[in-house]
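One structure below.
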Amino acid sequence: MTLYRQSLGGRAYAFDGLVELLAKATPRRSGDELAGCAAGSDAERAAAQWALAEVPLPEFLRNPVVPYETDEVTRLIIDTHDRVAFQGISHLTVGGLRDWLLAVAATDEAARTLAAVSRGLTPEMVAAVSKLMRNQDLIAVGRAVRVRSGFRTTLGAPGTLATRLQPNHPTDDPRGIAAAVLDGLLLGCGDAVIGVNPATDSPRTAGDLLRLLDEVRTRFEIPVQSCVLAHVTTTLDLIAAGAPVDLVFQSIAGTEGANRGFGVDLSLLREANAAGRSLRRGTVGDNVMYFETGQGSALSAGAHLGVDGKPVDQQTLEARAYAVARELDPLLVNTVVGFIGPEYLYDGKQIIRAGLEDHFCGKLLGLPMGVDVCYTNHAEADSDDMDTLLTLLGAAGVCFVITVPGADDVMLGYQSLSFHDALYARKALGLRPAPEFEAWLDGLGMLDAAGRVRRIEPLSSPLRALAQTAPPAGPDDALGTETSGAEDFWRELRTATQARIGLGRTGDALPTGRVLEFAAAHASARDAVHTALDVAELTCRIRNSGLGEPMHVRSRAADRSEYLRRPDLGRIPEYVPGHDISLQSEGDSDAEPTGADIGIVLADGLSPRAVREHGPAMLEALKSELEQRYRIAAPVIATQARVALGDHIGRALGVRTVLVLIGERPGLSVADSLGIYLTHHPRPGRTDAERNCVSNIHPPEGLGYAAAARITAGLVAGARRLGRSGVELKDTSDQVLPGRASVVEIEARS
């Protein structure tokens with residue numbers, strides 16, 4: 001292994017191999033500090049960057065960061081490397097590649113030249129050069145690269161900025177989803193894809209949503225593609241059943257192990273690509289795959305180790321995910337840059353830098369690259385940081401961004417861009433929608449003479465039937481304020497969703513009152529993260545459940561601050577000498593294995609308030625649904641807890657199945673959402689692909705206790721028949737949630 005040396009400021013630094021050098025040269029981020037591979041000081045980071053600049057590019061081919069023999073992503077990278085395309089730059093070092101890229105980006109032939117070498121670059125090469133680049137360098141080169149894809153719209157053309165319209169709903173209510181779709185279309189969004197993240201893994205629900213979106217598209221003749229972001233195995237089954245599938249979605253990562261954590265491998269992804277293309281539903285292209293990635297995913301799965309067991313930095317692993325995407329010729333790829341949390345990207349500065357890096361690396365490797373410009377309420381970031389990143393990405397030529405009503409996703413509990421933000425970016429940077437979608441907007445009279453989206457209320461729009469009964473249409477007032485009828489219309493739609501729809505416009509921006517509401521909700525959500533769970537009070541409330549005396553487990557995270565920065569400690573029980581786990585009752589006595597079938601853990605998670613508000617009632621509903629068939633252990637209260645802490649608890653209790661009732665991260669509209677994570681045969685080391693989740697439990701707007709208990713009981717029974725939980729176990733309870741109806745039925749009521 002090569003030892004890289006560099007002197008700086010009178011001190012000598014040594015870096016043991018390429019893996020360590022890449023990690024130490026990475027701009028500071030919390031995920032690398034969590035993994036233990038970050039530079040120990042700014043001086044060490046600068047020295048590593050000097051040393052990295054002198055590394056010849058062929059060295060990345062000779063020394064893979066993840067072993068070739070044990071990782072199929074590495075084999076893909078090496079075996080598909082285009083030696084002919086590489087030949088013209090093979091003499092360069094990493095520093096020389098930076099200079100060459102910037103020189104080419106300044107020429108009129110930049111797009112053609114960069115496309116010609118794209119297949120000659122490996123993810124490790126582009127990750128390495130990005131570590132030497134300033135933000136403006138990342139923007140300049142990213143802007144010079146041209147990558148196009150197509151299905152029903154053409155994406156990636158110069159001077160365009162497309163958007164994913166993300167109309168999520170906590171119970172997958174079609175009326176609420178349709179209302180959010182209407183809001184987005186009226187603000188000119190959706191040309192990249194109308195894509196729903198389903199709140200459940202039920203194949204029936206995914207099929208219903210696919211039919212809903214397809215009915216909307218065909219009814220209003222919208223030139224756009226739709227997608228329900230279910231697991232690829234669910235989508236394959238839906239294709240076989242004849243569902244109207246446009247795009248096949250999957251989250252991917254940069255190592256074989258991390259992809260296994262998502263329940264996929266290259267073979268499965270190739271099968272899905274072929275199945276999607278066989279439907280021949282595209283009109284301007286046949287790119288059918290949609291991939292999401294994100295820095296920290298491999299580390300989160302414990303699949304981030306490279307040569308000699310050394311941790312690989314999260315940005316290099318993110319770039320390796322783009323090799324997987326490139327193999328499948330996708331329509332869309334986006335990094336959900338601030339989605340996971342502060343343990344991987346701590347604050348706005350780190351999120352901005354990561355977003356620019358990911359866009360640069362993806363584009364340079366030949367991908368139609370988008371970014372979910374987003375943050376969570378437990379990160380040190382806010383909407384001002386996202387405004388900055390959006391503007392920089394727009395200047396860098398990003399293919400598309402994700403947009404949600406009012407910048408608040410009410411199902412996933414995080415903050416992305418609003419529909420209004422896309423209007424701002426297009427206006428400020430002179431960008432337009434995808435051409436086919438723009439022509440559709442113009443045909444509806446929604447564009448002014450300059451091509452900007454006019455203000456049209458639903459009462460005067462032909463799209464109003466998309467949602468529900470509307471008052472009689474009044475005259476279109478392109479410049480004026482909302483009519484009382486329009487406000488009544490939106491007020492009625494808000495009964496179907498907590499999403500921030502129908503917020504109005506002042507120019508291309510939100511009105512002052514809406515901005516202040518957002519700031520107040522952000523403050524409330526942050527308070528929900530940092531408010532500790534009252535264990536004594538919760539113990540009293542569940543003591544009379546009839547399940548036995550509650551026990552209390554603490555994770556190794558000492559306090560809330562450490563819990564947010566060190567998720568690894570939140571997954572491990574507090575150590576007690578001589579015992580594998582601390583399972584303490586009020587008397588602090590250690591528990592013996594119970595011999596029960598099911599263990600139930602009430603964990604504070606990221607919203608202790610959710611456990612306080614919904615935990616006892618959810619426990620009662622689960623008891624009622626399960627106690628006739630299974631023996632249930634005494635409940636366990638877990639603090640500073642992550643989901644995987646339940647694996648230790650389940651093993652200590654000796655149960656076959658553990659249910660972790662945990663507070664989901666607070667969003668702006670919902671700060672008390674509870675989730676249930678089911679793991680069959682729990683033991684330390686289980687991955688997320690081996691769990692099932694029932695999410696968004698927060699009646700009356702979210703999933704109710706009884707419905708959640710029935711879904712969970714169905715999953716428990718299914719896990720016992722299958723012998724395991726996870727991606728192969730689907731929710732087949734076919735719960736009919738409130739508001740379940742097709743768009744045809746909605747229009748009939750109109």
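Going by the structure tokens order, chains are called A, B, ..., each with residues numbered from 1, while ligands are numbered from 1 in the order shown.
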Give me, as a PyMOL selection string, the residues of stretch 307-547 of chain A that a backbone DSSP run labels strand (DSSP E or B).
chain A and resi 311+332-336+347+369-372+375+380+400-404+408-409+414-415+417-418+432+447+453+506+509
Requested write-out: C-alpha atoms of the selected residues, as a PDB file, in the first residue's frame:
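Once everything was written out, this is out.pdb:
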ATOM      1  CA  PRO A 311     -13.714   3.636   6.466  1.00  0.00           C
ATOM      2  CA  LEU A 332     -33.642  10.948 -13.192  1.00  0.00           C
ATOM      3  CA  VAL A 333     -31.065  10.774 -10.407  1.00  0.00           C
ATOM      4  CA  ASN A 334     -31.204  12.971  -7.359  1.00  0.00           C
ATOM      5  CA  THR A 335     -29.229  13.243  -4.174  1.00  0.00           C
ATOM      6  CA  VAL A 336     -31.407  13.911  -1.136  1.00  0.00           C
ATOM      7  CA  ASP A 347     -25.313  22.351   9.163  1.00  0.00           C
ATOM      8  CA  MET A 369     -28.566  15.004 -12.040  1.00  0.00           C
ATOM      9  CA  GLY A 370     -31.065  16.598  -9.710  1.00  0.00           C
ATOM     10  CA  VAL A 371     -30.888  17.612  -6.067  1.00  0.00           C
ATOM     11  CA  ASP A 372     -33.431  17.513  -3.286  1.00  0.00           C
ATOM     12  CA  TYR A 375     -32.925  19.783   5.514  1.00  0.00           C
ATOM     13  CA  GLU A 380     -28.432  23.324  12.030  1.00  0.00           C
ATOM     14  CA  PHE A 400     -34.240  19.266 -11.685  1.00  0.00           C
ATOM     15  CA  VAL A 401     -35.129  19.953  -8.063  1.00  0.00           C
ATOM     16  CA  ILE A 402     -37.818  18.558  -5.791  1.00  0.00           C
ATOM     17  CA  THR A 403     -40.745  20.760  -4.788  1.00  0.00           C
ATOM     18  CA  VAL A 404     -43.465  20.221  -2.171  1.00  0.00           C
ATOM     19  CA  ASP A 408     -42.935  21.149   4.033  1.00  0.00           C
ATOM     20  CA  ASP A 409     -43.359  17.432   3.327  1.00  0.00           C
ATOM     21  CA  TYR A 414     -38.551  17.260   6.331  1.00  0.00           C
ATOM     22  CA  GLN A 415     -38.231  20.581   4.525  1.00  0.00           C
ATOM     23  CA  LEU A 417     -38.228  23.480  -1.745  1.00  0.00           C
ATOM     24  CA  SER A 418     -41.663  24.963  -2.315  1.00  0.00           C
ATOM     25  CA  ARG A 432     -37.672  27.618 -18.271  1.00  0.00           C
ATOM     26  CA  LEU A 447     -47.937  31.613 -19.180  1.00  0.00           C
ATOM     27  CA  VAL A 453     -46.322  31.270 -14.884  1.00  0.00           C
ATOM     28  CA  THR A 506     -46.911  37.942  -3.897  1.00  0.00           C
ATOM     29  CA  ALA A 509     -42.899  34.560  -3.452  1.00  0.00           C
TER      30      ALA A 509
END
If you count only C-alpha atoms, which residues fall within 7 Å of stretch 607-615 of chain A, apart from same-chain ones fewer than 4 positions away, as a VMD selection string?
chain A and resid 528 to 529 531 to 533 538 602 to 603 619 662 to 666 672 to 674
Convert the current residue selection to file output with C-alpha atoms, as a short mmCIF file (atom, residue, chain, number, x, y, z; two decimals), in the first residue's frame.
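The file below, part_28.cif, is the result:
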data_model
loop_
_atom_site.label_atom_id
_atom_site.label_comp_id
_atom_site.auth_asym_id
_atom_site.auth_seq_id
_atom_site.Cartn_x
_atom_site.Cartn_y
_atom_site.Cartn_z
CA ALA A 528 -40.09 18.91 19.73
CA VAL A 529 -36.69 17.36 18.92
CA THR A 531 -37.76 18.19 24.61
CA ALA A 532 -36.87 15.18 26.76
CA LEU A 533 -39.26 12.28 27.34
CA LEU A 538 -45.04 7.56 30.61
CA LEU A 602 -41.68 2.75 23.25
CA ALA A 603 -38.72 4.85 22.08
CA LEU A 619 -49.84 0.17 22.94
CA ILE A 662 -40.66 5.51 17.94
CA GLY A 663 -41.10 9.23 17.52
CA GLU A 664 -40.49 10.17 13.88
CA ARG A 665 -38.61 13.34 13.07
CA PRO A 666 -40.89 16.36 13.44
CA ASP A 672 -45.91 14.27 16.82
CA SER A 673 -45.82 11.49 14.22
CA LEU A 674 -45.24 7.97 15.53
#
Report the residues of stretch 293-448 of chain A whose backbone DSSP state falls under alpha helix (DSSP H), written as number ranges by chain.
A: 297-300, 314-327, 348-364, 383-395, 419-429, 435-443
Output for the residues just chosen: C-alpha atoms as an mmCIF file, in the first residue's frame:
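And here is the file that came out, part_22.cif:
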data_model
loop_
_atom_site.group_PDB
_atom_site.id
_atom_site.type_symbol
_atom_site.label_atom_id
_atom_site.label_comp_id
_atom_site.auth_asym_id
_atom_site.auth_seq_id
_atom_site.Cartn_x
_atom_site.Cartn_y
_atom_site.Cartn_z
ATOM 1 C CA SER A 297 -26.339 6.033 3.283
ATOM 2 C CA ALA A 298 -23.485 3.504 3.269
ATOM 3 C CA LEU A 299 -22.309 4.598 6.710
ATOM 4 C CA SER A 300 -25.876 4.374 8.007
ATOM 5 C CA GLN A 314 -19.087 9.434 2.543
ATOM 6 C CA GLN A 315 -18.630 11.705 -0.477
ATOM 7 C CA THR A 316 -16.464 9.167 -2.324
ATOM 8 C CA LEU A 317 -19.034 6.470 -1.577
ATOM 9 C CA GLU A 318 -21.779 8.769 -2.853
ATOM 10 C CA ALA A 319 -19.914 9.209 -6.143
ATOM 11 C CA ARG A 320 -19.631 5.416 -6.432
ATOM 12 C CA ALA A 321 -23.439 5.213 -6.316
ATOM 13 C CA TYR A 322 -23.434 7.175 -9.571
ATOM 14 C CA ALA A 323 -21.628 4.288 -11.264
ATOM 15 C CA VAL A 324 -24.602 2.102 -10.389
ATOM 16 C CA ALA A 325 -26.993 4.707 -11.768
ATOM 17 C CA ARG A 326 -24.956 5.230 -14.951
ATOM 18 C CA GLU A 327 -25.135 1.522 -15.727
ATOM 19 C CA GLY A 348 -26.223 24.544 6.218
ATOM 20 C CA LYS A 349 -22.612 25.033 5.181
ATOM 21 C CA GLN A 350 -22.003 21.291 4.931
ATOM 22 C CA ILE A 351 -25.297 20.717 3.103
ATOM 23 C CA ILE A 352 -24.514 23.427 0.537
ATOM 24 C CA ARG A 353 -21.060 22.039 -0.134
ATOM 25 C CA ALA A 354 -22.348 18.462 -0.410
ATOM 26 C CA GLY A 355 -25.109 19.480 -2.814
ATOM 27 C CA LEU A 356 -22.627 21.162 -5.156
ATOM 28 C CA GLU A 357 -20.233 18.192 -4.945
ATOM 29 C CA ASP A 358 -22.941 15.644 -5.682
ATOM 30 C CA HIS A 359 -24.264 17.621 -8.631
ATOM 31 C CA PHE A 360 -20.771 18.088 -10.060
ATOM 32 C CA CYS A 361 -19.810 14.420 -9.689
ATOM 33 C CA GLY A 362 -23.078 13.105 -11.083
ATOM 34 C CA LYS A 363 -23.083 15.419 -14.074
ATOM 35 C CA LEU A 364 -19.422 14.732 -14.888
ATOM 36 C CA SER A 383 -34.605 28.007 4.517
ATOM 37 C CA ASP A 384 -31.978 30.708 3.971
ATOM 38 C CA ASP A 385 -29.364 27.987 3.458
ATOM 39 C CA MET A 386 -31.666 26.264 0.982
ATOM 40 C CA ASP A 387 -32.217 29.527 -0.924
ATOM 41 C CA THR A 388 -28.452 29.776 -1.319
ATOM 42 C CA LEU A 389 -28.049 26.189 -2.487
ATOM 43 C CA LEU A 390 -30.959 26.464 -4.937
ATOM 44 C CA THR A 391 -29.476 29.590 -6.499
ATOM 45 C CA LEU A 392 -26.028 28.039 -6.806
ATOM 46 C CA LEU A 393 -27.431 24.837 -8.304
ATOM 47 C CA GLY A 394 -29.520 26.807 -10.771
ATOM 48 C CA ALA A 395 -26.365 28.604 -11.880
ATOM 49 C CA PHE A 419 -43.378 25.385 -5.659
ATOM 50 C CA HIS A 420 -42.796 29.123 -5.197
ATOM 51 C CA ASP A 421 -39.037 28.535 -4.903
ATOM 52 C CA ALA A 422 -39.007 27.068 -8.409
ATOM 53 C CA LEU A 423 -40.772 30.190 -9.724
ATOM 54 C CA TYR A 424 -38.088 32.321 -8.080
ATOM 55 C CA ALA A 425 -35.198 30.317 -9.512
ATOM 56 C CA ARG A 426 -36.568 30.302 -13.040
ATOM 57 C CA LYS A 427 -37.233 34.035 -12.939
ATOM 58 C CA ALA A 428 -33.954 35.042 -11.282
ATOM 59 C CA LEU A 429 -31.761 32.845 -13.489
ATOM 60 C CA PRO A 435 -40.204 22.197 -23.456
ATOM 61 C CA GLU A 436 -43.134 19.780 -23.728
ATOM 62 C CA PHE A 437 -44.470 20.819 -20.329
ATOM 63 C CA GLU A 438 -43.973 24.496 -21.109
ATOM 64 C CA ALA A 439 -46.046 24.099 -24.280
ATOM 65 C CA TRP A 440 -48.804 22.445 -22.221
ATOM 66 C CA LEU A 441 -48.808 25.305 -19.721
ATOM 67 C CA ASP A 442 -48.972 27.802 -22.553
ATOM 68 C CA GLY A 443 -51.851 25.915 -24.136
#
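Atom CA of A:Thr107 sits 19.7 Å away from atom CA of A:Gly156.
Distance-wise, atom CA of A:Gln250 and atom CA of A:His231 end up 6.1 Å apart.
Closest to A:Asp173 among A:Thr497, A:Ser461, A:Thr712, A:Ser669 is A:Thr497, based on only C-alpha atoms.
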Write out as a VMD selection string each polymer residue whose atoms come within 7 Å of A:Ile676, counting only C-alpha atoms; drop sequence neighbours fewer than 6 positions from it.
chain A and resid 659 to 662 693 to 695
Using N, CA and C atoms, can you write the selected residues to a file as a JSON list (two decimals), in the first residue's frame?
[["chain", "number", "residue", "atom", "x", "y", "z"],
["A", 659, "LEU", "N", -41.39, -4.92, 18.19],
["A", 659, "LEU", "CA", -42.05, -3.75, 17.62],
["A", 659, "LEU", "C", -41.53, -2.51, 18.33],
["A", 660, "VAL", "N", -40.92, -1.61, 17.57],
["A", 660, "VAL", "CA", -40.39, -0.38, 18.15],
["A", 660, "VAL", "C", -41.32, 0.77, 17.77],
["A", 661, "LEU", "N", -42.01, 1.31, 18.76],
["A", 661, "LEU", "CA", -42.86, 2.48, 18.58],
["A", 661, "LEU", "C", -41.99, 3.70, 18.84],
["A", 662, "ILE", "N", -41.68, 4.47, 17.81],
["A", 662, "ILE", "CA", -40.66, 5.51, 17.94],
["A", 662, "ILE", "C", -41.15, 6.83, 17.36],
["A", 693, "CYS", "N", -41.99, -1.02, 8.27],
["A", 693, "CYS", "CA", -42.38, 0.20, 8.97],
["A", 693, "CYS", "C", -43.83, 0.54, 8.70],
["A", 694, "VAL", "N", -44.54, 0.89, 9.75],
["A", 694, "VAL", "CA", -45.88, 1.49, 9.64],
["A", 694, "VAL", "C", -45.72, 2.91, 10.18],
["A", 695, "SER", "N", -45.87, 3.89, 9.30],
["A", 695, "SER", "CA", -45.48, 5.26, 9.66],
["A", 695, "SER", "C", -46.68, 6.20, 9.71]]
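Between atom CA of A:Trp50 and atom CA of A:Ala38 lies a distance of 15.8 Å.
Distance check against A:Leu459 using only C-alpha atoms: of A:Leu182, A:Val716, A:Ala128, A:Leu516, the minimum falls on A:Leu182.
Using only C-alpha atoms, the residues found no farther than 7 Å from stretch 558-575 of chain A, other than those of its own chain fewer than 5 positions away, are A:Leu34, A:Pro342, A:Glu343, A:His530, A:Val553, A:Ile581, A:Ser582, A:Gln640, A:Ala641, A:Arg642, A:Val643, A:Ala644, A:Leu645.
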